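The structure under discussion appears below in the form of structure tokens.
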Amino acid sequence: KRETYLDIHQRRAIVEAAAPEIKDFMMGLCVLPIRPGALAQLRASDFDKRLNQLMVNHDKTGARRLTLPTETADFIKRAVSQKIGAAHIFCSFDGKPWNKDKWKHPIRDAVMAARQKTDIPANSTAYTFRHSVITDLVHQGLDLLSVAQLAGTSVRMIEKHYGHMRATVALPALAALTL
């Protein structure tokens with residue numbers, strides 16, 4: 001069960017504390033509800049600058065297309081600005097795509113550095129970013145089907161892990177019933 005949650009300020013603090021070579025990868029984890037491995041496999045050709053769409057081709061549940069908000073699309077445009085075709089968008093210090101063995105220590109180091117300045121759970125990992133982004137989408141009231149489609153998972157899994165959060169979304173509707 002995914003219980004560790006990082007709010008937007010905690011995620012920002014971790015990214016700011018990160019080594020320069022992993023900052024863009026971590027920012028991608030903050031703005032896209034995709035699995036870290038899928039983020040690492042994104043290539044320049046997966047992003048359509050004209051339509052602000054990102055094709056997630058390598059993910060556990062298959063391919064999907066995400067239409068990005070302007071700010072996120074601008075971030076991806078900057079990340080691909082010097083890359084073409086099959087070049088990975090996010091590369092580690094050796095020029096190769098990130099993987100769990102390469103991102104584990106830099107992310108842990110960023111978490112530990114950020115903990116010096118703010119309250120951040122020590123057990124935060126790359127996957128904690130995904131969980132936190134999905135949590136925020138659910139909390140903001142996005143319907144579960146849309147969350148599932150964005151995250152590349154099933155509505156059943158979103159309901160199982162995040163459905164309990166919908167209770168706060170229902171509060172305004174219940175409050176409106178008060179006589």
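Residue numbers start at 1 in each chain; chains themselves are named A, B, ... in the order of the structure tokens; ligands are numbered from 1 in the order shown.
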Within 10 Å of Val31 of chain A using only C-alpha atoms, minus same-chain residues under 6 positions, as number ranges by chain: A: 68-69, 71-73, 75, 129-130, 133
Residue neighbourhood segment 7-17 of chain A, 10 Å, only C-alpha atoms, exclusion window fewer than 4 positions, as a PyMOL selection string: chain A and resi 22-27+29-30+107-121+124+128-129+132-133+135-136
Which of segment 47-109 of chain A DSSP labels helix (DSSP H, G or I), written as a list of chain:residue names: A:Thr70, A:Glu71, A:Thr72, A:Ala73, A:Asp74, A:Phe75, A:Ile76, A:Lys77, A:Arg78, A:Ala79, A:Val80, A:Lys100, A:Asp101, A:Lys102, A:Trp103, A:Lys104, A:His105, A:Pro106, A:Ile107, A:Arg108, A:Asp109
Strand (DSSP E) call set, DSSP backbone run, segment 2-150 of chain A, as a ChimeraX atom specification: /A:47-48,53-56,64-67
Within 9 Å of Ile89 of chain A using only C-alpha atoms, minus same-chain residues under 5 positions, as a ChimeraX atom specification: /A:25,39-44,76,79-80,83,97
Write the residues you've just listed into a file as a CSV table (one decimal), in the first residue's frame, and include N, CA, C and O atoms for each of them.
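Dumped to again-v1.csv:
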```
chain,number,residue,atom,x,y,z
A,25,PHE,N,14.7,15.0,-14.6
A,25,PHE,CA,14.0,13.7,-14.5
A,25,PHE,C,13.1,13.8,-13.3
A,25,PHE,O,11.9,13.4,-13.4
A,39,LEU,N,8.9,7.1,-17.6
A,39,LEU,CA,9.5,8.5,-17.8
A,39,LEU,C,10.9,8.3,-18.4
A,39,LEU,O,11.3,9.0,-19.3
A,40,ALA,N,11.6,7.4,-17.8
A,40,ALA,CA,13.0,7.2,-18.3
A,40,ALA,C,13.1,6.7,-19.7
A,40,ALA,O,14.1,7.0,-20.4
A,41,GLN,N,12.1,6.1,-20.2
A,41,GLN,CA,12.1,5.6,-21.6
A,41,GLN,C,11.6,6.6,-22.7
A,41,GLN,O,11.6,6.3,-23.9
A,42,LEU,N,11.1,7.7,-22.2
A,42,LEU,CA,10.6,8.7,-23.2
A,42,LEU,C,11.7,9.2,-24.1
A,42,LEU,O,12.8,9.4,-23.7
A,43,ARG,N,11.3,9.3,-25.4
A,43,ARG,CA,12.3,9.8,-26.4
A,43,ARG,C,11.8,11.1,-27.0
A,43,ARG,O,10.6,11.4,-26.9
A,44,ALA,N,12.7,11.8,-27.6
A,44,ALA,CA,12.3,13.1,-28.2
A,44,ALA,C,11.2,12.9,-29.2
A,44,ALA,O,10.3,13.8,-29.3
A,76,ILE,N,8.7,20.1,-21.2
A,76,ILE,CA,9.2,19.0,-22.1
A,76,ILE,C,9.9,19.6,-23.3
A,76,ILE,O,10.9,19.1,-23.8
A,79,ALA,N,13.3,20.3,-22.4
A,79,ALA,CA,14.0,19.1,-22.2
A,79,ALA,C,14.4,18.4,-23.6
A,79,ALA,O,15.5,17.8,-23.6
A,80,VAL,N,13.6,18.6,-24.6
A,80,VAL,CA,13.9,18.0,-25.9
A,80,VAL,C,14.6,19.0,-26.9
A,80,VAL,O,14.9,18.6,-28.0
A,83,LYS,N,17.6,17.6,-28.6
A,83,LYS,CA,17.5,16.2,-28.9
A,83,LYS,C,16.6,16.0,-30.1
A,83,LYS,O,15.7,16.7,-30.3
A,97,PRO,N,19.7,6.4,-20.6
A,97,PRO,CA,18.5,6.7,-19.9
A,97,PRO,C,18.6,6.3,-18.4
A,97,PRO,O,19.4,5.4,-18.1
```
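For the choices A:Pro106, A:Leu179, A:Leu66, A:Ile158, the atom-to-atom distance to Phe93 of chain A is smallest for A:Pro106 when using only C-alpha atoms.
Rounded to one decimal, atom CA of Leu144 of chain A and atom CA of Leu177 of chain A lie 23.7 Å from each other.
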Proximity to Val56 of chain A - best of A:Ile84, A:Ala151, A:Leu142, A:Ala18, only C-alpha atoms: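 Among A:Ile84, A:Ala151, A:Leu142, A:Ala18, it is A:Ala151 that comes nearest to Val56 of chain A.
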Nearest to Gln149 of chain A by atom-to-atom distance, counting only C-alpha atoms, from A:Pro172, A:Gly62, A:Gly163, A:Gly95: A:Gly62
Separation of atom CA of Ala176 of chain A from atom CA of Leu137 of chain A in Å: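 Value for the atom CA of Leu137 of chain A-atom CA of Ala176 of chain A distance: 23.0 Å.
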Residue nearest Ser45 of chain A - candidates A:Thr70, A:Thr153, A:Thr61, A:Ser81, atoms counted: only C-alpha atoms: A:Ser81
